[in-house]
file entry20.pdb (PDB, C-alpha atoms)
ATOM      1  CA  HIS A  19    -108.464   6.603 123.107
ATOM      2  CA  SER A  20    -109.466   3.003 123.833
ATOM      3  CA  THR A  21    -107.283   1.726 120.989
ATOM      4  CA  MET A  22    -104.334   3.838 122.146
ATOM      5  CA  ALA A  23    -104.721   2.578 125.714
ATOM      6  CA  LYS A  24    -104.721  -1.042 124.557
ATOM      7  CA  PHE A  25    -101.620  -0.387 122.457
ATOM      8  CA  GLN A  26     -99.809   1.157 125.417
ATOM      9  CA  VAL A  27    -100.731  -1.795 127.649
ATOM     10  CA  ARG A  28     -99.451  -4.268 125.050
ATOM     11  CA  LEU A  29     -96.274  -2.234 124.608
ATOM     12  CA  PHE A  30     -95.738  -2.210 128.367
ATOM     13  CA  ILE A  31     -96.252  -5.977 128.613
ATOM     14  CA  ILE A  32     -93.860  -6.657 125.735
ATOM     15  CA  THR A  33     -91.261  -4.275 127.157
ATOM     16  CA  PHE A  34     -91.602  -5.792 130.639
ATOM     17  CA  PHE A  35     -91.264  -9.312 129.225
ATOM     18  CA  CYS A  36     -88.167  -8.385 127.218
ATOM     19  CA  LEU A  37     -86.505  -6.653 130.151
ATOM     20  CA  THR A  38     -87.322  -9.539 132.492
ATOM     21  CA  SER A  39     -85.951 -12.074 130.015
ATOM     22  CA  ALA A  40     -82.784 -10.036 129.582
ATOM     23  CA  LEU A  41     -82.365  -9.769 133.343
ATOM     24  CA  ILE A  42     -82.863 -13.503 133.819
ATOM     25  CA  PHE A  43     -80.360 -14.222 131.048
ATOM     26  CA  LEU A  44     -77.849 -11.859 132.662
ATOM     27  CA  ILE A  45     -78.297 -13.508 136.071
ATOM     28  CA  LEU A  46     -77.837 -16.969 134.561
ATOM     29  CA  GLN A  47     -74.659 -15.879 132.792
ATOM     30  CA  LEU A  48     -73.261 -14.350 135.965
ATOM     31  CA  TRP A  49     -74.083 -17.518 137.923
ATOM     32  CA  LYS A  50     -72.479 -19.684 135.255
ATOM     33  CA  ASN A  51     -69.311 -17.594 135.323
ATOM     34  CA  TYR A  52     -69.250 -17.640 139.129
ATOM     35  CA  SER A  53     -69.715 -21.422 139.246
ATOM     36  CA  THR A  54     -66.968 -21.922 136.694
ATOM     37  CA  PHE A  55     -64.647 -19.670 138.686
ATOM     38  CA  THR A  56     -65.517 -21.378 141.981
ATOM     39  CA  ASN A  57     -65.061 -24.882 140.588
ATOM     40  CA  SER A  58     -61.803 -23.855 138.991
ATOM     41  CA  THR A  59     -60.629 -22.300 142.254
ATOM     42  CA  ASN A  60     -61.646 -25.356 144.280
ATOM     43  CA  LYS A  61     -59.957 -27.629 141.781
ATOM     44  CA  ASN A  62     -56.811 -25.521 141.898
ATOM     45  CA  ASP A  63     -56.896 -25.521 145.712
ATOM     46  CA  VAL A  64     -57.205 -29.295 145.808
ATOM     47  CA  GLU A  65     -54.416 -29.714 143.274
ATOM     48  CA  ARG A  66     -52.234 -27.314 145.265
ATOM     49  CA  VAL A  67     -52.847 -29.227 148.515
ATOM     50  CA  ILE A  68     -52.088 -32.508 146.787
ATOM     51  CA  LEU A  69     -48.909 -31.104 145.269
ATOM     52  CA  GLU A  70     -47.732 -29.631 148.567
ATOM     53  CA  SER A  71     -48.606 -32.857 150.376
ATOM     54  CA  SER A  72     -46.732 -34.918 147.810
ATOM     55  CA  ILE A  73     -43.660 -32.746 148.313
ATOM     56  CA  LYS A  74     -44.017 -33.106 152.070
ATOM     57  CA  ILE A  75     -44.315 -36.887 151.728
ATOM     58  CA  ASP A  76     -41.219 -37.039 149.536
ATOM     59  CA  GLU A  77     -39.263 -35.023 152.085
ATOM     60  CA  LEU A  78     -40.343 -37.309 154.917
ATOM     61  CA  ILE A  79     -39.687 -40.545 153.087
ATOM     62  CA  THR A  80     -36.163 -39.503 152.119
ATOM     63  CA  GLN A  81     -35.319 -39.101 155.821
ATOM     64  CA  HIS A  82     -35.009 -42.738 156.786
ATOM     65  CA  GLU A  83     -33.649 -42.266 160.293
ATOM     66  CA  PRO A  84     -36.315 -41.847 162.981
ATOM     67  CA  SER A  85     -36.326 -38.551 164.837
ATOM     68  CA  THR A  86     -35.140 -38.355 168.442
ATOM     69  CA  PRO A  87     -38.205 -38.135 170.699
ATOM     70  CA  ASN A  88     -38.675 -36.208 173.910
ATOM     71  CA  PRO A  89     -37.831 -38.854 176.562
ATOM     72  CA  TYR A  90     -40.042 -37.206 179.183
ATOM     73  CA  ILE A  91     -43.347 -37.740 177.349
ATOM     74  CA  LEU A  92     -44.778 -41.053 176.150
ATOM     75  CA  MET A  93     -47.886 -40.807 173.976
ATOM     76  CA  TYR A  94     -50.197 -43.741 173.310
ATOM     77  CA  ASN A  95     -52.884 -42.581 170.857
ATOM     78  CA  GLY A  96     -54.577 -45.964 170.973
ATOM     79  CA  LEU A  97     -56.712 -47.537 168.300
ATOM     80  CA  SER A  98     -59.994 -48.845 169.675
ATOM     81  CA  THR A  99     -60.522 -52.613 170.089
ATOM     82  CA  CYS A 100     -56.769 -53.212 170.004
ATOM     83  CA  GLY A 101     -56.189 -54.177 173.618
ATOM     84  CA  SER A 102     -56.141 -50.612 174.909
ATOM     85  CA  SER A 103     -57.892 -51.497 178.197
ATOM     86  CA  TRP A 104     -55.048 -53.767 179.273
ATOM     87  CA  PHE A 105     -52.453 -51.351 177.900
ATOM     88  CA  ILE A 106     -53.934 -48.517 179.967
ATOM     89  CA  ALA A 107     -54.141 -50.665 183.104
ATOM     90  CA  ASN A 108     -50.511 -51.672 182.617
ATOM     91  CA  LEU A 109     -49.276 -48.078 182.285
ATOM     92  CA  LYS A 110     -51.288 -47.031 185.306
ATOM     93  CA  ALA A 111     -49.836 -49.853 187.416
ATOM     94  CA  LEU A 112     -46.268 -49.154 186.267
ATOM     95  CA  SER A 113     -46.440 -45.400 186.835
ATOM     96  CA  ILE A 114     -45.584 -45.582 190.548
ATOM     97  CA  PRO A 115     -42.675 -48.077 190.485
ATOM     98  CA  ASN A 116     -41.220 -46.496 187.337
ATOM     99  CA  GLY A 117     -41.664 -42.924 188.545
ATOM    100  CA  PHE A 118     -43.859 -41.301 185.920
ATOM    101  CA  THR A 119     -47.290 -39.691 185.856
ATOM    102  CA  PHE A 120     -50.021 -41.417 183.888
ATOM    103  CA  ILE A 121     -52.768 -39.340 182.247
ATOM    104  CA  HIS A 122     -55.880 -40.997 180.849
ATOM    105  CA  GLN A 123     -57.937 -38.889 178.442
ATOM    106  CA  GLU A 124     -60.674 -40.224 176.183
ATOM    107  CA  SER A 125     -61.553 -38.500 172.933
ATOM    108  CA  ARG A 126     -65.209 -39.617 173.005
ATOM    109  CA  GLY A 127     -65.286 -39.473 169.250
ATOM    110  CA  ARG A 128     -63.359 -36.201 168.924
ATOM    111  CA  LYS A 129     -60.282 -37.411 167.087
ATOM    112  CA  LEU A 130     -58.902 -33.981 166.204
ATOM    113  CA  ILE A 131     -57.227 -31.899 168.898
ATOM    114  CA  LYS A 132     -59.048 -28.573 168.949
ATOM    115  CA  GLU A 133     -56.223 -26.388 170.264
ATOM    116  CA  PRO A 134     -53.007 -28.244 169.402
ATOM    117  CA  TYR A 135     -50.656 -25.424 170.396
ATOM    118  CA  TYR A 136     -52.133 -25.250 173.893
ATOM    119  CA  TYR A 137     -52.216 -29.059 174.028
ATOM    120  CA  THR A 138     -48.499 -29.439 173.289
ATOM    121  CA  ASN A 139     -47.547 -26.642 175.668
ATOM    122  CA  GLU A 140     -49.542 -28.166 178.506
ATOM    123  CA  LEU A 141     -47.916 -31.570 178.037
ATOM    124  CA  LEU A 142     -44.478 -29.989 178.031
ATOM    125  CA  ARG A 143     -45.284 -28.030 181.183
ATOM    126  CA  LEU A 144     -46.419 -31.172 182.981
ATOM    127  CA  SER A 145     -43.379 -33.138 181.823
ATOM    128  CA  ASN A 146     -41.090 -30.534 183.401
ATOM    129  CA  GLU A 147     -42.364 -31.657 186.797
ATOM    130  CA  THR A 148     -42.134 -35.412 186.196
ATOM    131  CA  PRO A 149     -41.971 -37.757 183.175
ATOM    132  CA  LEU A 150     -45.449 -38.587 181.965
ATOM    133  CA  ALA A 151     -47.257 -41.162 179.876
ATOM    134  CA  LYS A 152     -50.540 -40.226 178.270
ATOM    135  CA  TYR A 153     -53.319 -42.231 176.700
ATOM    136  CA  HIS A 154     -55.460 -40.189 174.338
ATOM    137  CA  ASP A 155     -57.215 -41.911 171.437
ATOM    138  CA  VAL A 156     -56.774 -39.126 168.891
ATOM    139  CA  TYR A 157     -55.152 -38.780 165.500
ATOM    140  CA  PHE A 158     -51.388 -38.340 165.422
ATOM    141  CA  LEU A 159     -50.258 -34.826 166.308
ATOM    142  CA  ASN A 160     -46.891 -33.701 165.003
ATOM    143  CA  PHE A 161     -45.325 -31.639 167.789
ATOM    144  CA  LYS A 162     -42.676 -30.473 165.316
ATOM    145  CA  SER A 163     -45.319 -28.268 163.736
ATOM    146  CA  TYR A 164     -45.085 -26.213 166.944
ATOM    147  CA  ASN A 165     -41.275 -26.345 167.175
ATOM    148  CA  TYR A 166     -41.184 -29.091 169.812
ATOM    149  CA  SER A 167     -39.746 -32.586 169.729
ATOM    150  CA  ASN A 168     -42.355 -35.289 169.379
ATOM    151  CA  PRO A 169     -43.055 -37.510 172.374
ATOM    152  CA  ILE A 170     -42.238 -41.214 172.392
ATOM    153  CA  TYR A 171     -45.144 -42.421 170.269
ATOM    154  CA  VAL A 172     -46.353 -46.024 170.696
ATOM    155  CA  ASN A 173     -49.436 -47.888 169.568
ATOM    156  CA  ILE A 174     -50.983 -51.304 168.948
ATOM    157  CA  ALA A 175     -52.451 -52.215 165.554
ATOM    158  CA  ARG A 176     -54.828 -55.006 164.616
ATOM    159  CA  GLU A 177     -55.700 -56.882 161.445
ATOM    160  CA  PRO A 178     -58.265 -54.532 159.819
ATOM    161  CA  TYR A 179     -61.019 -57.096 159.276
ATOM    162  CA  ASP A 180     -60.694 -58.339 162.862
ATOM    163  CA  ARG A 181     -60.773 -54.810 164.173
ATOM    164  CA  ALA A 182     -63.756 -53.800 162.031
ATOM    165  CA  GLU A 183     -65.735 -56.859 163.117
ATOM    166  CA  ALA A 184     -64.875 -56.288 166.790
ATOM    167  CA  THR A 185     -65.840 -52.610 166.548
ATOM    168  CA  TYR A 186     -69.123 -53.523 164.869
ATOM    169  CA  THR A 187     -69.949 -56.125 167.518
ATOM    170  CA  PHE A 188     -69.134 -53.695 170.321
ATOM    171  CA  HIS A 189     -71.460 -51.036 168.912
ATOM    172  CA  ARG A 190     -74.133 -53.566 168.077
ATOM    173  CA  PHE A 191     -74.498 -54.703 171.679
ATOM    174  CA  THR A 192     -73.687 -51.517 173.591
ATOM    175  CA  CYS A 193     -74.945 -48.563 171.557
ATOM    176  CA  LYS A 194     -78.262 -46.830 171.923
ATOM    177  CA  ARG A 195     -79.587 -44.374 169.375
ATOM    178  CA  GLU A 196     -79.769 -41.589 171.954
ATOM    179  CA  ASN A 197     -76.028 -41.911 172.599
ATOM    180  CA  ARG A 198     -74.447 -39.317 170.311
ATOM    181  CA  PHE A 199     -71.152 -41.216 170.233
ATOM    182  CA  CYS A 200     -72.802 -44.257 168.637
ATOM    183  CA  THR A 201     -73.546 -44.816 164.986
ATOM    184  CA  ALA A 202     -76.797 -43.393 163.641
ATOM    185  CA  PHE A 203     -77.544 -46.723 161.968
ATOM    186  CA  ILE A 204     -77.646 -48.816 165.140
ATOM    187  CA  TYR A 205     -81.180 -50.091 164.445
ATOM    188  CA  GLU A 206     -80.095 -51.367 161.025
ATOM    189  CA  MET A 207     -77.226 -53.255 162.696
ATOM    190  CA  GLN A 208     -78.796 -54.821 165.779
ATOM    191  CA  ASP A 209     -80.208 -57.969 164.177
ATOM    192  CA  LEU A 210     -77.339 -58.580 161.758
ATOM    193  CA  THR A 211     -73.877 -60.026 162.142
ATOM    194  CA  PHE A 212     -71.057 -58.000 160.639
ATOM    195  CA  GLU A 213     -70.927 -60.221 157.560
ATOM    196  CA  GLU A 214     -74.713 -60.034 157.129
ATOM    197  CA  CYS A 215     -74.579 -56.257 157.412
ATOM    198  CA  LEU A 216     -71.886 -56.022 154.743
ATOM    199  CA  THR A 217     -73.867 -58.295 152.441
ATOM    200  CA  LYS A 218     -77.133 -56.420 152.924
ATOM    201  CA  TRP A 219     -75.595 -52.953 152.659
ATOM    202  CA  HIS A 220     -72.785 -53.703 150.212
ATOM    203  CA  ASN A 221     -73.554 -50.478 148.328
ATOM    204  CA  ALA A 222     -73.604 -48.433 151.552
ATOM    205  CA  THR A 223     -71.067 -50.111 153.824
ATOM    206  CA  HIS A 224     -70.835 -47.010 156.054
ATOM    207  CA  ILE A 225     -74.076 -48.231 157.641
ATOM    208  CA  CYS A 226     -72.071 -51.081 159.171
ATOM    209  CA  GLY A 227     -69.762 -48.700 161.024
ATOM    210  CA  SER A 228     -67.554 -45.634 160.720
ATOM    211  CA  PHE A 229     -64.303 -47.578 161.004
ATOM    212  CA  PHE A 230     -63.136 -47.101 157.410
ATOM    213  CA  ARG A 231     -59.706 -45.463 157.079
ATOM    214  CA  GLU A 232     -59.549 -45.138 160.868
ATOM    215  CA  SER A 233     -56.231 -46.961 161.239
ATOM    216  CA  MET A 234     -54.755 -44.854 158.467
ATOM    217  CA  ARG A 235     -55.992 -41.613 160.035
ATOM    218  CA  VAL A 236     -54.748 -42.447 163.529
ATOM    219  CA  PHE A 237     -51.208 -42.564 162.160
ATOM    220  CA  CYS A 238     -51.658 -39.939 159.440
ATOM    221  CA  GLY A 239     -52.808 -37.123 161.703
ATOM    222  CA  HIS A 240     -54.513 -33.754 161.369
ATOM    223  CA  HIS A 241     -53.391 -32.899 157.841
ATOM    224  CA  GLN A 242     -56.000 -32.328 155.132
ATOM    225  CA  VAL A 243     -54.799 -35.361 153.184
ATOM    226  CA  CYS A 244     -55.623 -37.525 156.208
ATOM    227  CA  LEU A 245     -59.198 -36.310 156.512
ATOM    228  CA  ASP A 246     -60.328 -35.920 152.897
ATOM    229  CA  ASP A 247     -61.419 -39.248 151.392
ATOM    230  CA  LYS A 248     -60.344 -38.012 147.956
ATOM    231  CA  MET A 249     -56.757 -37.679 149.189
ATOM    232  CA  SER A 250     -56.456 -40.997 151.035
ATOM    233  CA  HIS A 251     -53.920 -42.265 148.511
ATOM    234  CA  ILE A 252     -51.628 -39.502 149.784
ATOM    235  CA  GLY A 253     -52.736 -39.798 153.403
ATOM    236  CA  VAL A 254     -51.701 -43.437 153.547
ATOM    237  CA  GLN A 255     -48.169 -42.460 152.520
ATOM    238  CA  LEU A 256     -48.034 -39.799 155.226
ATOM    239  CA  ALA A 257     -49.271 -42.352 157.770
ATOM    240  CA  LYS A 258     -46.430 -44.720 156.898
ATOM    241  CA  ALA A 259     -43.909 -41.883 156.963
ATOM    242  CA  ASN A 260     -45.112 -40.857 160.432
ATOM    243  CA  ILE A 261     -44.785 -44.426 161.699
ATOM    244  CA  ALA A 262     -41.246 -44.692 160.367
ATOM    245  CA  ARG A 263     -40.188 -41.307 161.688
ATOM    246  CA  TYR A 264     -42.041 -40.789 164.942
ATOM    247  CA  TYR A 265     -43.270 -44.090 166.382
ATOM    248  CA  THR A 266     -40.730 -45.856 168.547
ATOM    249  CA  PHE A 267     -42.818 -49.001 168.346
ATOM    250  CA  VAL A 268     -46.182 -50.187 167.034
ATOM    251  CA  GLY A 269     -47.128 -53.616 168.321
ATOM    252  CA  LEU A 270     -49.662 -56.122 167.052
ATOM    253  CA  TYR A 271     -52.814 -57.180 168.848
ATOM    254  CA  GLU A 272     -52.371 -60.696 167.480
ATOM    255  CA  GLU A 273     -48.885 -60.796 169.010
ATOM    256  CA  TYR A 274     -49.675 -58.982 172.234
ATOM    257  CA  GLN A 275     -47.218 -60.826 174.460
ATOM    258  CA  ALA A 276     -44.314 -60.263 172.085
ATOM    259  CA  SER A 277     -45.405 -56.621 171.758
ATOM    260  CA  MET A 278     -45.269 -56.113 175.525
ATOM    261  CA  LEU A 279     -41.855 -57.758 175.751
ATOM    262  CA  ALA A 280     -40.585 -55.521 172.953
ATOM    263  CA  LEU A 281     -41.861 -52.399 174.704
ATOM    264  CA  GLU A 282     -40.042 -53.397 177.876
ATOM    265  CA  GLU A 283     -36.835 -53.872 175.909
ATOM    266  CA  LEU A 284     -37.162 -50.674 173.877
ATOM    267  CA  ILE A 285     -38.566 -48.262 176.481
ATOM    268  CA  PRO A 286     -37.681 -49.610 179.951
ATOM    269  CA  THR A 287     -38.168 -46.186 181.559
ATOM    270  CA  TYR A 288     -41.907 -46.640 181.172
ATOM    271  CA  PHE A 289     -42.408 -50.365 180.573
ATOM    272  CA  ALA A 290     -39.995 -52.069 182.984
ATOM    273  CA  GLY A 291     -42.008 -54.764 184.756
ATOM    274  CA  THR A 292     -44.489 -55.287 181.922
ATOM    275  CA  ALA A 293     -43.525 -58.923 181.322
ATOM    276  CA  SER A 294     -44.170 -59.897 184.932
ATOM    277  CA  ARG A 295     -47.609 -58.263 184.784
ATOM    278  CA  TYR A 296     -48.733 -59.841 181.531
ATOM    279  CA  SER A 297     -51.538 -62.264 182.354
ATOM    280  CA  ARG A 298     -53.714 -62.729 179.284
ATOM    281  CA  LYS A 299     -54.739 -66.369 179.185
ATOM    282  CA  THR A 300     -55.034 -66.633 175.425
ATOM    283  CA  GLU A 301     -54.266 -64.493 172.426
ATOM    284  CA  GLU A 302     -56.779 -64.180 169.641
ATOM    285  CA  GLY A 303     -55.658 -65.245 166.207
ATOM    286  CA  VAL A 304     -56.576 -63.472 163.003
ATOM    287  CA  LYS A 305     -60.116 -64.293 161.955
ATOM    288  CA  ALA A 306     -60.497 -65.865 158.532
ATOM    289  CA  PHE A 307     -62.855 -64.330 155.984
ATOM    290  CA  PRO A 308     -66.149 -66.266 155.927
ATOM    291  CA  ASP A 309     -66.409 -66.153 152.140
ATOM    292  CA  ILE A 310     -64.882 -64.602 149.035
ATOM    293  CA  LYS A 311     -67.615 -61.967 148.723
ATOM    294  CA  THR A 312     -67.009 -60.614 152.230
ATOM    295  CA  GLU A 313     -63.258 -60.666 151.659
ATOM    296  CA  LYS A 314     -63.653 -58.653 148.458
ATOM    297  CA  ILE A 315     -65.849 -56.027 150.146
ATOM    298  CA  ILE A 316     -63.579 -55.688 153.172
ATOM    299  CA  LYS A 317     -60.348 -55.456 151.209
ATOM    300  CA  GLU A 318     -61.834 -52.715 149.073
ATOM    301  CA  VAL A 319     -63.323 -50.525 151.813
ATOM    302  CA  LEU A 320     -60.318 -51.066 154.105
ATOM    303  CA  LYS A 321     -57.590 -50.994 151.470
ATOM    304  CA  TYR A 322     -55.794 -48.015 153.015
ATOM    305  CA  ASP A 323     -55.980 -49.515 156.499
ATOM    306  CA  TYR A 324     -54.554 -52.744 155.096
ATOM    307  CA  GLU A 325     -51.683 -50.878 153.482
ATOM    308  CA  VAL A 326     -50.795 -49.260 156.807
ATOM    309  CA  TYR A 327     -51.267 -52.535 158.689
ATOM    310  CA  HIS A 328     -48.920 -54.493 156.419
ATOM    311  CA  PHE A 329     -46.336 -51.734 156.757
ATOM    312  CA  ILE A 330     -46.624 -51.935 160.558
ATOM    313  CA  LYS A 331     -46.478 -55.723 160.473
ATOM    314  CA  GLN A 332     -43.302 -55.764 158.433
ATOM    315  CA  ARG A 333     -41.594 -53.332 160.808
ATOM    316  CA  PHE A 334     -42.889 -55.240 163.835
ATOM    317  CA  TYR A 335     -41.301 -58.534 162.819
ATOM    318  CA  GLN A 336     -38.054 -56.814 161.906
ATOM    319  CA  THR A 337     -37.915 -55.289 165.388
ATOM    320  CA  ILE A 338     -38.808 -58.569 167.087
ATOM    321  CA  GLY A 339     -36.003 -60.274 165.184
ATOM    322  CA  LYS A 340     -33.463 -57.621 166.203
ATOM    323  CA  LEU A 341     -34.516 -57.914 169.859
ATOM    324  CA  GLY A 342     -34.184 -61.703 169.839
ATOM    325  CA  LEU A 343     -37.828 -62.254 170.756
ATOM    326  CA  VAL A 344     -38.748 -64.567 167.888
ATOM    327  CA  GLY A 345     -39.362 -67.428 170.309
ATOM    328  CA  HIS A 346     -42.275 -65.506 171.820
ATOM    329  CA  LEU A 347     -44.127 -65.154 168.523
ATOM    330  CA  LYS A 348     -47.233 -67.055 167.555
ATOM    331  CA  ASP A 349     -46.873 -66.535 163.812
ATOM    332  CA  ILE A 350     -43.232 -67.357 163.110
ATOM    333  CA  HIS A 351     -43.858 -67.547 159.365
ATOM    334  CA  TRP A 352     -43.818 -63.747 159.129
ATOM    335  CA  VAL A 353     -40.328 -63.350 160.529
ATOM    336  CA  PRO A 354     -38.025 -62.060 157.748
TER     337      PRO A 354
END

call {"tool": "encode", "arguments": {"input": "entry20.pdb", "output": "structure tokens"}}
result
Amino acid sequence: HSTMAKFQVRLFIITFFCLTSALIFLILQLWKNYSTFTNSTNKNDVERVILESSIKIDELITQHEPSTPNPYILMYNGLSTCGSSWFIANLKALSIPNGFTFIHQESRGRKLIKEPYYYTNELLRLSNETPLAKYHDVYFLNFKSYNYSNPIYVNIAREPYDRAEATYTFHRFTCKRENRFCTAFIYEMQDLTFEECLTKWHNATHICGSFFRESMRVFCGHHQVCLDDKMSHIGVQLAKANIARYYTFVGLYEEYQASMLALEELIPTYFAGTASRYSRKTEEGVKAFPDIKTEKIIKEVLKYDYEVYHFIKQRFYQTIGKLGLVGHLKDIHWVP
């Protein structure tokens, strides 16, 4: 009986081990198949989005003529550290003599409009009462997606390195860790200049600020290709297409006076009187790169912003030339 009992115990152990091994093998196979299916599905989804986006880009680029905007709404989705404070003050001051309502709304870091359909409807409702100009520092929103004409879009761009350095300096001296709108790496930044931060964290440049691709995204919008870093090569094309199609004018921070004069010429309904109000004592020039290493880092991490900026710059000087405002430029070498 003792021998039989031992045999039965051994048989049970062997059987249990075999069944357990088989079950584990089956689970692993199922997981492998599921992972393969999921990865394949995700890959197919990404490829589909890219394909659809490419088609959309092609359709936009082939339509060279800008769309006709809604004349009763002006939208300034301002880039930070690009002279927006003066721009806002100017619109506010001009609202009474020019007969429009000015609305000032800050995103506080929320660059995507949560309920775009409601947002567009509310702006249209308000514009039925009186023309309005709105400042809201969010990513471009295409009103055509909701069967409405886009507003008169305007903006001011800035040389990407200048803007990145200015943004870094602003956060470095004003941010506190407990402020949820500030970078989480503020302590790593406080004792370093922008160039020192880039040098120290050259393999993790996000520590020096979350400004990468920001210019591109402001003009690109809410589309997936604008938000996914892996699709930025498509997003930058959509950004340029949006500028060409929907932005009446994008000025330059480095040419602020000429930008204000151009706005008054192009959109007098809102900007009449701007020239007489312009009172900036000096205009900042483009900051030179301190060294080749910094230049290489910046031009790599901001390559999409630079592509958008050069596109804006080319269009800016073409517009200035057509308006006969070349004499008000600082950098006449860029005039075509």

call {"tool": "resolve_selection", "arguments": {"input": "entry20.pdb", "expression": "the PyMOL selection byres ((chain A and resi 240-250) around 7)", "output": "PyMOL selection string"}}
result
chain A and resi 130+157-159+235+238-239+251-254

call {"tool": "closest_residue", "arguments": {"input": "entry20.pdb", "among": "A:Thr86, A:Ser39, A:Thr292, A:Thr99", "to": "Met278 of chain A", "atoms": "all atoms listed in the file"}}
result
A:Thr292

call {"tool": "residues_near_point", "arguments": {"input": "entry20.pdb", "point": "(-43.0, -65.9, 170.6)", "cutoff": "10 Å", "atoms": "all atoms listed in the file", "output": "list of chain:residue names"}}
result
A:Glu273, A:Tyr274, A:Gln275, A:Ala276, A:Ser277, A:Leu279, A:Ile338, A:Gly342, A:Leu343, A:Val344, A:Gly345, A:His346, A:Leu347, A:Lys348, A:Asp349, A:Ile350

call {"tool": "closest_residue", "arguments": {"input": "entry20.pdb", "among": "A:Asn173, A:Thr211, A:Ser102, A:Gln255", "to": "Phe334 of chain A", "atoms": "all atoms listed in the file"}}
result
A:Asn173

call {"tool": "resolve_selection", "arguments": {"input": "entry20.pdb", "expression": "the PyMOL selection byres ((chain A and resi 267) around 8)", "output": "list in words"}}
result
Tyr171, Val172, Asn173, Tyr265, Thr266, Val268, Gly269, Leu281 and Phe334 of chain A

call {"tool": "write_last_selection", "arguments": {"input": "entry20.pdb", "atoms": "C-alpha atoms", "output": "compact mmCIF listing (two decimals), in the coordinates of the input"}}
result
# COMPACT_ATOMS: atom_id res chain seq x y z
CA TYR A 171 -45.14 -42.42 170.27
CA VAL A 172 -46.35 -46.02 170.70
CA ASN A 173 -49.44 -47.89 169.57
CA TYR A 265 -43.27 -44.09 166.38
CA THR A 266 -40.73 -45.86 168.55
CA VAL A 268 -46.18 -50.19 167.03
CA GLY A 269 -47.13 -53.62 168.32
CA LEU A 281 -41.86 -52.40 174.70
CA PHE A 334 -42.89 -55.24 163.84

call {"tool": "atom_distance", "arguments": {"input": "entry20.pdb", "atom1": "atom CA of Lys152 of chain A", "atom2": "atom CA of Phe237 of chain A"}}
result
16.3 Å

call {"tool": "atom_distance", "arguments": {"input": "entry20.pdb", "atom1": "atom CA of Ile330 of chain A", "atom2": "atom CA of Cys215 of chain A"}}
result
28.5 Å

call {"tool": "atom_distance", "arguments": {"input": "entry20.pdb", "atom1": "atom CA of Asn146 of chain A", "atom2": "atom CA of Ser113 of chain A"}}
result
16.2 Å
